[in-house]
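The structure file my_file_21.cif is reproduced below (mmCIF, C-alpha atoms (C1' of nucleotides)).
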```
data_input
#
loop_
_atom_site.group_PDB
_atom_site.id
_atom_site.type_symbol
_atom_site.label_atom_id
_atom_site.label_comp_id
_atom_site.auth_asym_id
_atom_site.auth_seq_id
_atom_site.Cartn_x
_atom_site.Cartn_y
_atom_site.Cartn_z
ATOM 1 C CA MET W 26 -22.294 12.347 -16.695
ATOM 2 C CA ARG W 27 -18.892 13.952 -16.418
ATOM 3 C CA ILE W 28 -16.037 12.811 -14.200
ATOM 4 C CA GLY W 29 -16.758 15.183 -11.317
ATOM 5 C CA GLU W 30 -20.370 14.160 -11.039
ATOM 6 C CA ALA W 31 -19.460 10.479 -11.364
ATOM 7 C CA GLY W 32 -17.015 11.012 -8.531
ATOM 8 C CA ARG W 33 -19.608 12.638 -6.339
ATOM 9 C CA ALA W 34 -22.072 9.853 -7.147
ATOM 10 C CA THR W 35 -19.678 7.140 -6.072
ATOM 11 C CA GLY W 36 -17.474 8.800 -3.483
ATOM 12 C CA THR W 37 -14.402 8.570 -5.691
ATOM 13 C CA LYS W 38 -12.050 11.399 -6.596
ATOM 14 C CA SER W 39 -11.743 12.319 -10.273
ATOM 15 C CA GLU W 40 -8.075 11.518 -10.074
ATOM 16 C CA THR W 41 -8.792 8.057 -8.772
ATOM 17 C CA ILE W 42 -11.269 7.446 -11.570
ATOM 18 C CA ARG W 43 -8.669 8.396 -14.166
ATOM 19 C CA TYR W 44 -6.203 6.183 -12.318
ATOM 20 C CA TYR W 45 -8.576 3.218 -12.556
ATOM 21 C CA GLU W 46 -8.926 3.874 -16.263
ATOM 22 C CA ARG W 47 -5.151 3.917 -16.712
ATOM 23 C CA GLU W 48 -4.835 0.682 -14.763
ATOM 24 C CA GLY W 49 -7.507 -1.023 -16.820
ATOM 25 C CA LEU W 50 -10.131 -1.388 -14.122
ATOM 26 C CA LEU W 51 -12.486 0.942 -15.852
ATOM 27 C CA PRO W 52 -12.926 0.878 -19.629
ATOM 28 C CA PRO W 53 -12.270 4.261 -21.260
ATOM 29 C CA PRO W 54 -15.685 5.896 -21.413
ATOM 30 C CA PRO W 55 -17.030 7.646 -24.494
ATOM 31 C CA ARG W 56 -16.076 11.283 -24.829
ATOM 32 C CA THR W 57 -18.268 14.300 -25.424
ATOM 33 C CA SER W 58 -17.564 16.546 -28.396
ATOM 34 C CA SER W 59 -15.412 18.625 -26.082
ATOM 35 C CA ASN W 60 -13.372 15.593 -25.045
ATOM 36 C CA TYR W 61 -14.906 15.201 -21.605
ATOM 37 C CA ARG W 62 -15.313 11.676 -20.249
ATOM 38 C CA ASP W 63 -18.983 10.773 -20.418
ATOM 39 C CA TYR W 64 -20.107 8.201 -17.874
ATOM 40 C CA GLY W 65 -23.367 6.261 -17.986
ATOM 41 C CA PRO W 66 -25.082 4.079 -15.367
ATOM 42 C CA ASP W 67 -22.920 1.075 -16.239
ATOM 43 C CA GLU W 68 -19.706 2.854 -15.464
ATOM 44 C CA ILE W 69 -21.186 4.155 -12.232
ATOM 45 C CA SER W 70 -22.080 0.591 -11.230
ATOM 46 C CA ARG W 71 -18.575 -0.514 -11.992
ATOM 47 C CA LEU W 72 -17.107 2.279 -9.945
ATOM 48 C CA ARG W 73 -19.288 1.451 -6.978
ATOM 49 C CA PHE W 74 -18.386 -2.193 -7.348
ATOM 50 C CA ILE W 75 -14.697 -1.380 -7.332
ATOM 51 C CA LYS W 76 -15.094 0.844 -4.287
ATOM 52 C CA ARG W 77 -16.980 -1.718 -2.271
ATOM 53 C CA SER W 78 -14.738 -4.589 -3.238
ATOM 54 C CA ARG W 79 -11.654 -2.626 -2.285
ATOM 55 C CA LYS W 80 -13.199 -1.804 1.087
ATOM 56 C CA LEU W 81 -13.760 -5.509 1.604
ATOM 57 C CA GLY W 82 -10.048 -6.079 1.224
ATOM 58 C CA PHE W 83 -9.877 -7.378 -2.336
ATOM 59 C CA SER W 84 -6.930 -6.339 -4.445
ATOM 60 C CA MET W 85 -7.288 -4.481 -7.706
ATOM 61 C CA ALA W 86 -6.273 -7.685 -9.469
ATOM 62 C CA GLN W 87 -9.058 -9.632 -7.793
ATOM 63 C CA VAL W 88 -11.574 -6.927 -8.620
ATOM 64 C CA LYS W 89 -10.438 -7.046 -12.221
ATOM 65 C CA GLU W 90 -10.866 -10.796 -12.273
ATOM 66 C CA LEU W 91 -14.365 -10.615 -10.859
ATOM 67 C CA MET W 92 -15.394 -7.982 -13.359
ATOM 68 C CA ALA W 93 -13.925 -9.894 -16.262
ATOM 69 C CA MET W 94 -15.968 -12.886 -15.175
ATOM 70 C CA ALA W 95 -19.135 -10.813 -14.923
ATOM 71 C CA ASP W 96 -18.421 -9.219 -18.284
ATOM 72 C CA ASP W 97 -18.344 -12.391 -20.207
ATOM 73 C CA PRO W 98 -19.626 -15.409 -18.380
ATOM 74 C CA ASP W 99 -19.415 -17.394 -21.613
ATOM 75 C CA GLN W 100 -15.840 -18.310 -20.854
ATOM 76 C CA PRO W 101 -15.026 -21.981 -20.353
ATOM 77 C CA CYS W 102 -16.782 -23.203 -17.241
ATOM 78 C CA GLU W 103 -13.504 -24.398 -15.852
ATOM 79 C CA THR W 104 -12.006 -20.929 -15.819
ATOM 80 C CA VAL W 105 -15.068 -19.278 -14.368
ATOM 81 C CA ASP W 106 -15.475 -21.945 -11.741
ATOM 82 C CA LYS W 107 -11.878 -21.726 -10.677
ATOM 83 C CA ILE W 108 -12.082 -17.995 -10.157
ATOM 84 C CA ALA W 109 -15.514 -17.989 -8.555
ATOM 85 C CA SER W 110 -14.690 -20.850 -6.183
ATOM 86 C CA ALA W 111 -11.502 -19.229 -5.029
ATOM 87 C CA GLN W 112 -13.197 -15.913 -4.406
ATOM 88 C CA LEU W 113 -16.018 -17.715 -2.666
ATOM 89 C CA ARG W 114 -13.627 -19.364 -0.254
ATOM 90 C CA GLU W 115 -12.158 -15.973 0.546
ATOM 91 C CA VAL W 116 -15.575 -14.467 1.028
ATOM 92 C CA GLU W 117 -16.573 -17.270 3.406
ATOM 93 C CA ALA W 118 -13.417 -16.813 5.444
ATOM 94 C CA LYS W 119 -14.048 -13.099 5.699
ATOM 95 C CA LEU W 120 -17.630 -13.688 6.734
ATOM 96 C CA THR W 121 -16.527 -16.021 9.500
ATOM 97 C CA ASP W 122 -14.002 -13.541 10.835
ATOM 98 C CA LEU W 123 -16.383 -10.622 10.601
ATOM 99 C CA ARG W 124 -19.119 -12.482 12.437
ATOM 100 C CA ALA W 125 -16.723 -13.257 15.272
ATOM 101 C CA LEU W 126 -15.618 -9.651 15.367
ATOM 102 C CA ARG W 127 -19.194 -8.436 15.343
ATOM 103 C CA LYS W 128 -20.086 -10.655 18.255
ATOM 104 C CA GLU W 129 -17.284 -9.244 20.366
ATOM 105 C CA LEU W 130 -17.979 -5.661 19.431
ATOM 106 C CA THR W 131 -21.654 -6.124 20.197
ATOM 107 C CA LYS W 132 -20.769 -7.459 23.628
ATOM 108 C CA VAL W 133 -18.615 -4.426 24.303
ATOM 109 C CA VAL W 134 -21.270 -1.974 23.162
ATOM 110 C CA GLU W 135 -23.972 -3.796 25.135
ATOM 111 C CA SER W 136 -22.100 -3.882 28.409
ATOM 112 C CA CYS W 137 -21.257 -0.238 27.887
ATOM 113 C CA LYS W 138 -24.945 0.526 27.631
ATOM 114 C CA HIS W 139 -25.489 -1.110 31.004
ATOM 115 C CA GLY W 140 -22.781 0.998 32.532
ATOM 116 C CA THR W 141 -20.442 -1.935 33.057
ATOM 117 C CA VAL W 142 -16.967 -2.319 31.696
ATOM 118 C CA ALA W 143 -16.659 -5.053 29.119
ATOM 119 C CA GLU W 144 -14.119 -7.769 28.891
ATOM 120 C CA CYS W 145 -13.039 -7.185 25.362
ATOM 121 C CA ARG W 146 -11.723 -10.287 23.648
ATOM 122 C CA VAL W 147 -11.546 -9.137 20.033
ATOM 123 C CA ILE W 148 -7.932 -10.170 19.735
ATOM 124 C CA GLU W 149 -8.377 -13.677 21.055
ATOM 125 C CA VAL W 150 -11.414 -14.193 18.904
ATOM 126 C CA LEU W 151 -9.750 -13.265 15.625
ATOM 127 C CA ALA W 152 -6.481 -14.834 16.644
ATOM 128 C CA GLY W 153 -7.960 -18.210 17.364
ATOM 129 C CA SER W 154 -9.619 -21.052 15.500
ATOM 130 C CA SER W 155 -9.574 -21.331 11.744
ATOM 131 C CA ALA W 156 -5.989 -22.493 11.366
ATOM 132 C CA GLY W 157 -3.394 -19.843 10.658
ATOM 133 C CA ARG W 158 -4.831 -18.516 7.405
ATOM 134 C CA MET A 4 9.873 -18.122 20.060
ATOM 135 C CA ARG A 5 12.136 -16.182 17.715
ATOM 136 C CA ILE A 6 11.038 -13.920 14.904
ATOM 137 C CA GLY A 7 11.349 -16.491 12.140
ATOM 138 C CA GLU A 8 9.225 -19.053 13.911
ATOM 139 C CA ALA A 9 6.681 -16.404 14.872
ATOM 140 C CA GLY A 10 6.527 -15.467 11.221
ATOM 141 C CA ARG A 11 5.981 -19.025 10.113
ATOM 142 C CA ALA A 12 3.310 -19.475 12.789
ATOM 143 C CA THR A 13 1.330 -16.473 11.601
ATOM 144 C CA GLY A 14 2.144 -16.205 7.918
ATOM 145 C CA THR A 15 4.001 -12.936 8.392
ATOM 146 C CA LYS A 16 7.499 -12.100 7.166
ATOM 147 C CA SER A 17 10.112 -11.254 9.791
ATOM 148 C CA GLU A 18 10.510 -7.887 8.136
ATOM 149 C CA THR A 19 6.833 -7.168 8.457
ATOM 150 C CA ILE A 20 6.896 -8.112 12.127
ATOM 151 C CA ARG A 21 9.746 -5.704 12.758
ATOM 152 C CA TYR A 22 7.843 -3.106 10.744
ATOM 153 C CA TYR A 23 4.779 -3.545 12.962
ATOM 154 C CA GLU A 24 6.965 -3.093 15.989
ATOM 155 C CA ARG A 25 8.427 0.120 14.571
ATOM 156 C CA GLU A 26 4.944 1.413 13.803
ATOM 157 C CA GLY A 27 3.693 0.640 17.292
ATOM 158 C CA LEU A 28 1.242 -2.121 16.376
ATOM 159 C CA LEU A 29 3.250 -4.693 18.237
ATOM 160 C CA PRO A 30 4.862 -3.958 21.595
ATOM 161 C CA PRO A 31 8.610 -4.604 21.604
ATOM 162 C CA PRO A 32 8.971 -8.176 22.843
ATOM 163 C CA PRO A 33 11.454 -9.264 25.485
ATOM 164 C CA ARG A 34 14.903 -10.169 24.202
ATOM 165 C CA THR A 35 16.975 -13.252 24.786
ATOM 166 C CA SER A 36 20.468 -12.924 26.232
ATOM 167 C CA SER A 37 21.728 -12.812 22.658
ATOM 168 C CA ASN A 38 19.384 -9.955 21.772
ATOM 169 C CA TYR A 39 16.902 -12.017 19.769
ATOM 170 C CA ARG A 40 13.249 -11.029 19.913
ATOM 171 C CA ASP A 41 11.428 -13.576 22.050
ATOM 172 C CA TYR A 42 7.747 -13.972 21.266
ATOM 173 C CA GLY A 43 5.177 -15.659 23.482
ATOM 174 C CA PRO A 44 1.597 -16.759 22.785
ATOM 175 C CA ASP A 45 0.238 -13.263 23.409
ATOM 176 C CA GLU A 46 2.333 -11.711 20.718
ATOM 177 C CA ILE A 47 1.371 -14.488 18.321
ATOM 178 C CA SER A 48 -2.301 -13.768 19.009
ATOM 179 C CA ARG A 49 -1.734 -10.127 18.325
ATOM 180 C CA LEU A 50 0.033 -10.864 15.086
ATOM 181 C CA ARG A 51 -2.753 -13.114 13.916
ATOM 182 C CA PHE A 52 -5.263 -10.483 14.888
ATOM 183 C CA ILE A 53 -3.438 -7.840 12.890
ATOM 184 C CA LYS A 54 -3.195 -10.124 9.885
ATOM 185 C CA ARG A 55 -6.849 -11.015 9.873
ATOM 186 C CA SER A 56 -8.031 -7.489 10.475
ATOM 187 C CA ARG A 57 -5.896 -6.162 7.657
ATOM 188 C CA LYS A 58 -7.292 -8.823 5.332
ATOM 189 C CA LEU A 59 -10.758 -7.652 6.252
ATOM 190 C CA GLY A 60 -9.869 -4.201 5.012
ATOM 191 C CA PHE A 61 -9.194 -2.403 8.275
ATOM 192 C CA SER A 62 -6.416 0.140 8.366
ATOM 193 C CA MET A 63 -3.453 -0.118 10.692
ATOM 194 C CA ALA A 64 -4.925 2.802 12.628
ATOM 195 C CA GLN A 65 -8.190 0.946 13.131
ATOM 196 C CA VAL A 66 -6.378 -2.195 14.169
ATOM 197 C CA LYS A 67 -4.405 -0.154 16.671
ATOM 198 C CA GLU A 68 -7.600 1.320 18.045
ATOM 199 C CA LEU A 69 -9.231 -2.067 18.468
ATOM 200 C CA MET A 70 -6.198 -3.465 20.227
ATOM 201 C CA ALA A 71 -5.934 -0.470 22.534
ATOM 202 C CA MET A 72 -9.546 -1.034 23.462
ATOM 203 C CA ALA A 73 -8.971 -4.711 24.125
ATOM 204 C CA ASP A 74 -5.838 -3.929 26.101
ATOM 205 C CA ASP A 75 -7.504 -1.756 28.614
ATOM 206 C CA PRO A 76 -11.259 -1.886 28.607
ATOM 207 C CA ASP A 77 -11.314 0.207 31.758
ATOM 208 C CA GLN A 78 -11.288 3.381 29.727
ATOM 209 C CA PRO A 79 -14.274 5.696 30.013
ATOM 210 C CA CYS A 80 -17.323 3.947 28.628
ATOM 211 C CA GLU A 81 -17.907 6.844 26.282
ATOM 212 C CA THR A 82 -14.596 6.347 24.514
ATOM 213 C CA VAL A 83 -14.909 2.597 24.243
ATOM 214 C CA ASP A 84 -18.482 2.806 23.071
ATOM 215 C CA LYS A 85 -17.654 5.363 20.413
ATOM 216 C CA ILE A 86 -14.896 3.217 18.962
ATOM 217 C CA ALA A 87 -16.756 -0.073 19.240
ATOM 218 C CA SER A 88 -19.949 1.317 17.745
ATOM 219 C CA ALA A 89 -18.150 2.824 14.792
ATOM 220 C CA GLN A 90 -16.276 -0.394 14.100
ATOM 221 C CA LEU A 91 -19.469 -2.339 14.514
ATOM 222 C CA ARG A 92 -21.193 -0.255 11.860
ATOM 223 C CA GLU A 93 -18.330 -0.941 9.494
ATOM 224 C CA VAL A 94 -18.412 -4.633 10.257
ATOM 225 C CA GLU A 95 -22.151 -4.774 9.573
ATOM 226 C CA ALA A 96 -21.740 -2.996 6.257
ATOM 227 C CA LYS A 97 -19.000 -5.402 5.251
ATOM 228 C CA LEU A 98 -21.122 -8.366 6.253
ATOM 229 C CA THR A 99 -23.987 -7.124 4.098
ATOM 230 C CA ASP A 100 -21.772 -6.657 1.077
ATOM 231 C CA LEU A 101 -20.013 -9.972 1.535
ATOM 232 C CA ARG A 102 -23.280 -11.847 1.868
ATOM 233 C CA ALA A 103 -24.492 -10.343 -1.412
ATOM 234 C CA LEU A 104 -21.221 -11.224 -3.069
ATOM 235 C CA ARG A 105 -21.350 -14.755 -1.701
ATOM 236 C CA LYS A 106 -24.830 -15.263 -3.061
ATOM 237 C CA GLU A 107 -23.762 -14.285 -6.551
ATOM 238 C CA LEU A 108 -20.595 -16.327 -6.490
ATOM 239 C CA THR A 109 -22.511 -19.342 -5.259
ATOM 240 C CA LYS A 110 -24.946 -18.972 -8.145
ATOM 241 C CA VAL A 111 -22.072 -18.892 -10.602
ATOM 242 C CA VAL A 112 -20.372 -21.928 -9.118
ATOM 243 C CA GLU A 113 -23.655 -23.838 -8.950
ATOM 244 C CA SER A 114 -24.668 -23.228 -12.546
ATOM 245 C CA CYS A 115 -21.153 -24.158 -13.562
ATOM 246 C CA LYS A 116 -21.591 -27.475 -11.835
ATOM 247 C CA HIS A 117 -24.691 -28.111 -13.903
ATOM 248 C CA GLY A 118 -22.824 -27.350 -17.080
ATOM 249 C CA THR A 119 -24.739 -24.182 -17.744
ATOM 250 C CA VAL A 120 -23.302 -20.744 -18.136
ATOM 251 C CA ALA A 121 -24.231 -18.419 -15.348
ATOM 252 C CA GLU A 122 -25.542 -14.941 -15.580
ATOM 253 C CA CYS A 123 -23.064 -13.300 -13.321
ATOM 254 C CA ARG A 124 -24.391 -10.195 -11.635
ATOM 255 C CA VAL A 125 -21.696 -9.555 -9.048
ATOM 256 C CA ILE A 126 -21.248 -5.991 -10.196
ATOM 257 C CA GLU A 127 -24.907 -5.035 -10.070
ATOM 258 C CA VAL A 128 -25.273 -6.640 -6.688
ATOM 259 C CA LEU A 129 -22.449 -4.754 -5.011
ATOM 260 C CA ALA A 130 -23.179 -1.589 -6.964
ATOM 261 C CA GLY A 131 -26.777 -1.401 -5.926
ATOM 262 C CA SER A 132 -28.798 -0.777 -2.788
ATOM 263 C CA SER A 133 -27.215 0.538 0.380
ATOM 264 C CA ALA A 134 -26.909 4.157 -0.714
ATOM 265 C CA GLY A 135 -23.588 5.247 -2.131
ATOM 266 C CA ARG A 136 -21.378 4.572 0.874
ATOM 267 C "C1'" DG M 3 37.026 -24.925 15.513
ATOM 268 C "C1'" DC M 4 34.585 -23.564 11.659
ATOM 269 C "C1'" DT M 5 30.957 -23.021 8.593
ATOM 270 C "C1'" DT M 6 26.225 -21.948 7.815
ATOM 271 C "C1'" DG M 7 22.041 -19.976 8.602
ATOM 272 C "C1'" DA M 8 19.099 -17.217 11.559
ATOM 273 C "C1'" DC M 9 19.162 -13.350 13.869
ATOM 274 C "C1'" DC M 10 20.647 -8.184 14.925
ATOM 275 C "C1'" DT M 11 20.945 -3.128 13.113
ATOM 276 C "C1'" DT M 12 20.504 0.868 9.692
ATOM 277 C "C1'" DG M 13 19.357 2.294 5.421
ATOM 278 C "C1'" DT M 14 17.632 2.454 0.725
ATOM 279 C "C1'" DA M 15 14.527 1.270 -2.797
ATOM 280 C "C1'" DG M 16 10.564 -1.175 -4.991
ATOM 281 C "C1'" DT M 17 5.351 -2.266 -5.031
ATOM 282 C "C1'" DT M 18 0.363 -1.332 -4.646
ATOM 283 C "C1'" DA M 19 -3.241 1.680 -4.398
ATOM 284 C "C1'" DC M 20 -4.033 5.716 -4.222
ATOM 285 C "C1'" DT M 21 -3.830 11.246 -3.450
ATOM 286 C "C1'" DA M 22 -2.202 15.723 -4.530
ATOM 287 C "C1'" DC M 23 0.031 18.837 -6.697
ATOM 288 C "C1'" DA M 24 1.848 21.822 -10.964
ATOM 289 C "C1'" DA M 25 1.954 23.397 -15.626
ATOM 290 C "C1'" DG M 26 -0.267 24.479 -19.656
ATOM 291 C "C1'" DG M 27 -4.457 24.154 -22.254
ATOM 292 C "C1'" DT M 28 -9.855 23.815 -23.736
ATOM 293 C "C1'" DG M 29 -14.891 24.374 -22.897
ATOM 294 C "C1'" DC M 30 -18.779 26.518 -21.081
ATOM 295 C "C1'" DA M 31 -22.028 28.927 -17.993
ATOM 296 C "C1'" DG M 32 -23.178 33.178 -15.760
ATOM 297 C "C1'" DC X 19 -14.950 37.619 -20.134
ATOM 298 C "C1'" DT X 20 -14.113 35.626 -15.742
ATOM 299 C "C1'" DG X 21 -13.973 31.413 -13.369
ATOM 300 C "C1'" DC X 22 -14.501 26.725 -12.794
ATOM 301 C "C1'" DA X 23 -14.534 22.017 -14.466
ATOM 302 C "C1'" DC X 24 -12.403 19.489 -17.405
ATOM 303 C "C1'" DC X 25 -8.246 17.836 -20.452
ATOM 304 C "C1'" DT X 26 -3.136 16.153 -20.558
ATOM 305 C "C1'" DT X 27 1.634 14.818 -18.680
ATOM 306 C "C1'" DG X 28 4.470 14.484 -15.015
ATOM 307 C "C1'" DT X 29 6.242 14.417 -10.340
ATOM 308 C "C1'" DA X 30 5.909 13.509 -5.611
ATOM 309 C "C1'" DG X 31 3.675 12.095 -1.205
ATOM 310 C "C1'" DT X 32 1.209 8.481 1.663
ATOM 311 C "C1'" DA X 33 0.141 3.777 3.573
ATOM 312 C "C1'" DA X 34 1.361 -0.715 4.139
ATOM 313 C "C1'" DC X 35 4.306 -3.466 3.100
ATOM 314 C "C1'" DT X 36 8.507 -6.212 0.706
ATOM 315 C "C1'" DA X 37 13.195 -6.785 -0.468
ATOM 316 C "C1'" DC X 38 17.504 -5.907 -0.656
ATOM 317 C "C1'" DA X 39 22.546 -4.655 1.092
ATOM 318 C "C1'" DA X 40 26.128 -3.923 4.448
ATOM 319 C "C1'" DG X 41 28.216 -5.127 8.511
ATOM 320 C "C1'" DG X 42 27.880 -7.692 12.713
ATOM 321 C "C1'" DT X 43 26.525 -11.509 16.458
ATOM 322 C "C1'" DC X 44 25.098 -16.133 17.786
ATOM 323 C "C1'" DA X 45 24.454 -21.089 17.918
ATOM 324 C "C1'" DA X 46 23.865 -25.771 15.989
ATOM 325 C "C1'" DG X 47 25.993 -29.365 13.316
ATOM 326 C "C1'" DC X 48 30.099 -31.533 11.178
#
```
As structure tokens, what does this structure read like?
Amino acid sequence: MRIGEAGRATGTKSETIRYYEREGLLPPPPRTSSNYRDYGPDEISRLRFIKRSRKLGFSMAQVKELMAMADDPDQPCETVDKIASAQLREVEAKLTDLRALRKELTKVVESCKHGTVAECRVIEVLAGSSAGR
Amino acid sequence: MRIGEAGRATGTKSETIRYYEREGLLPPPPRTSSNYRDYGPDEISRLRFIKRSRKLGFSMAQVKELMAMADDPDQPCETVDKIASAQLREVEAKLTDLRALRKELTKVVESCKHGTVAECRVIEVLAGSSAGR
DNA sequence: GCTTGACCTTGTAGTTACTACAAGGTGCAG
DNA sequence: CTGCACCTTGTAGTAACTACAAGGTCAAGC
């Protein structure tokens, strides 16, 4: 699979794929005889993973860390645990916030359906509770 | 409340707060007699909301849109519904991905606790299923 | 009263994570 | 043999900050 097709398959521009390679997020793929990058299913998975993770608000550094962990889980347990636990805490926090946001958005959409105007409290809901950060 | 304190209260640098004001995310606050920005609880809420939303991967434009909706929900139902529904779809997608990620991270942390080395499938899990984008 | 630190402004420049060109070249399919 | 996708290097633009510097005001503590 060449870069263009890989891009189409993952919703990533060719230029972004090359950028990820330069930045070390994507290992340099094998090349065809004519020097074209040749992507297989593994690289496509990685690309999709990067895309999703970035959409979820993780930095390239965090994505790198997660992938490194997945790549060789035979690292000292301490290291792996430290990374995984930290990411897990972040994931939990995001889940909490997103659930609150969903609830408010659902309310808005629902009351809209019934022709009434909603009291939209998205701001208050994400502003409140779980202590500053 | 002056800019520094507002920053400390929300985990935002003064410079970022002024930047948000310039970009129209934050309405210009009242000023003290000595021309200092004077923030009240409402502005703090807004700041926290912006911070959280950005961490969840929403763009400044999306944050703006959400706040505009919250600010006057008396807009035509059509408009509000269109925005809210779109955001809701995004929130749901993020929730799905985060839940998958959480599951994998939990597995890793758990097996670490038991001294075993985990098979970490974070990549596969976020790469798979819900169709490309 | 004076120093110190927080604030004010404008402006420039650096960072991250892309995105989009241009220039100059190779490979391949119709 | 034309045209498009790819290759490279390099520059520049965008979004969302972050960090200075310069030059100035304000207020709290000694």
Skip range 115-130 of chain W itself and residues of its chain fewer than 2 positions away, then list as a compact mmCIF listing (two decimals) with C-alpha atoms, in the coordinates of the input all residues within 6 Å of it, counting only C-alpha atoms (C1' of nucleotides).
```txt
# COMPACT_ATOMS: atom_id res chain seq x y z
CA GLN W 112 -13.20 -15.91 -4.41
CA LEU W 113 -16.02 -17.72 -2.67
CA LYS W 132 -20.77 -7.46 23.63
CA VAL W 133 -18.61 -4.43 24.30
CA VAL W 147 -11.55 -9.14 20.03
CA ALA A 87 -16.76 -0.07 19.24
```
The PyMOL selection byres ((chain A) within 12 of (chain X)) on the file shown: which residues, as a ChimeraX atom specification?
/A:15-23,26,35-39,54,57-58,60-64
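Computed from the coordinates, the CA of Pro53 in chain W to CA of Thr35 in chain W distance equals 17.1 Å.
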Starting from the displayed file, determine the output of the PyMOL selection byres ((chain M) within 8 of (chain W)) and express the residue list as a ChimeraX atom specification.
/M:20-21,28-29
Using all atoms listed in the file, I'd like every residue of chain W that has an atom within 6 Å of chain A; please write them out as a PDB file with C-alpha atoms, in the coordinates of the input.
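To be explicit, this is the file written out as part09.pdb:
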```
ATOM      1  CA  THR W  35     -19.678   7.140  -6.072  1.00  0.00           C
ATOM      2  CA  SER W  70     -22.080   0.591 -11.230  1.00  0.00           C
ATOM      3  CA  ARG W  73     -19.288   1.451  -6.978  1.00  0.00           C
ATOM      4  CA  PHE W  74     -18.386  -2.193  -7.348  1.00  0.00           C
ATOM      5  CA  LYS W  80     -13.199  -1.804   1.087  1.00  0.00           C
ATOM      6  CA  LEU W  81     -13.760  -5.509   1.604  1.00  0.00           C
ATOM      7  CA  GLY W  82     -10.048  -6.079   1.224  1.00  0.00           C
ATOM      8  CA  ALA W  95     -19.135 -10.813 -14.923  1.00  0.00           C
ATOM      9  CA  CYS W 102     -16.782 -23.203 -17.241  1.00  0.00           C
ATOM     10  CA  ASP W 106     -15.475 -21.945 -11.741  1.00  0.00           C
ATOM     11  CA  ALA W 109     -15.514 -17.989  -8.555  1.00  0.00           C
ATOM     12  CA  LEU W 130     -17.979  -5.661  19.431  1.00  0.00           C
ATOM     13  CA  VAL W 134     -21.270  -1.974  23.162  1.00  0.00           C
ATOM     14  CA  CYS W 137     -21.257  -0.238  27.887  1.00  0.00           C
ATOM     15  CA  CYS W 145     -13.039  -7.185  25.362  1.00  0.00           C
ATOM     16  CA  ILE W 148      -7.932 -10.170  19.735  1.00  0.00           C
ATOM     17  CA  LEU W 151      -9.750 -13.265  15.625  1.00  0.00           C
ATOM     18  CA  ALA W 152      -6.481 -14.834  16.644  1.00  0.00           C
ATOM     19  CA  GLY W 157      -3.394 -19.843  10.658  1.00  0.00           C
TER      20      GLY W 157
END
```
Between CA of Pro54 in chain W and CA of Arg27 in chain W, what distance in Å does the model show, to one decimal?
10.0 Å
Pairwise distance for CA of Gly43 in chain A and CA of Arg25 in chain A, rounded to one decimal in Å:
18.4 Å
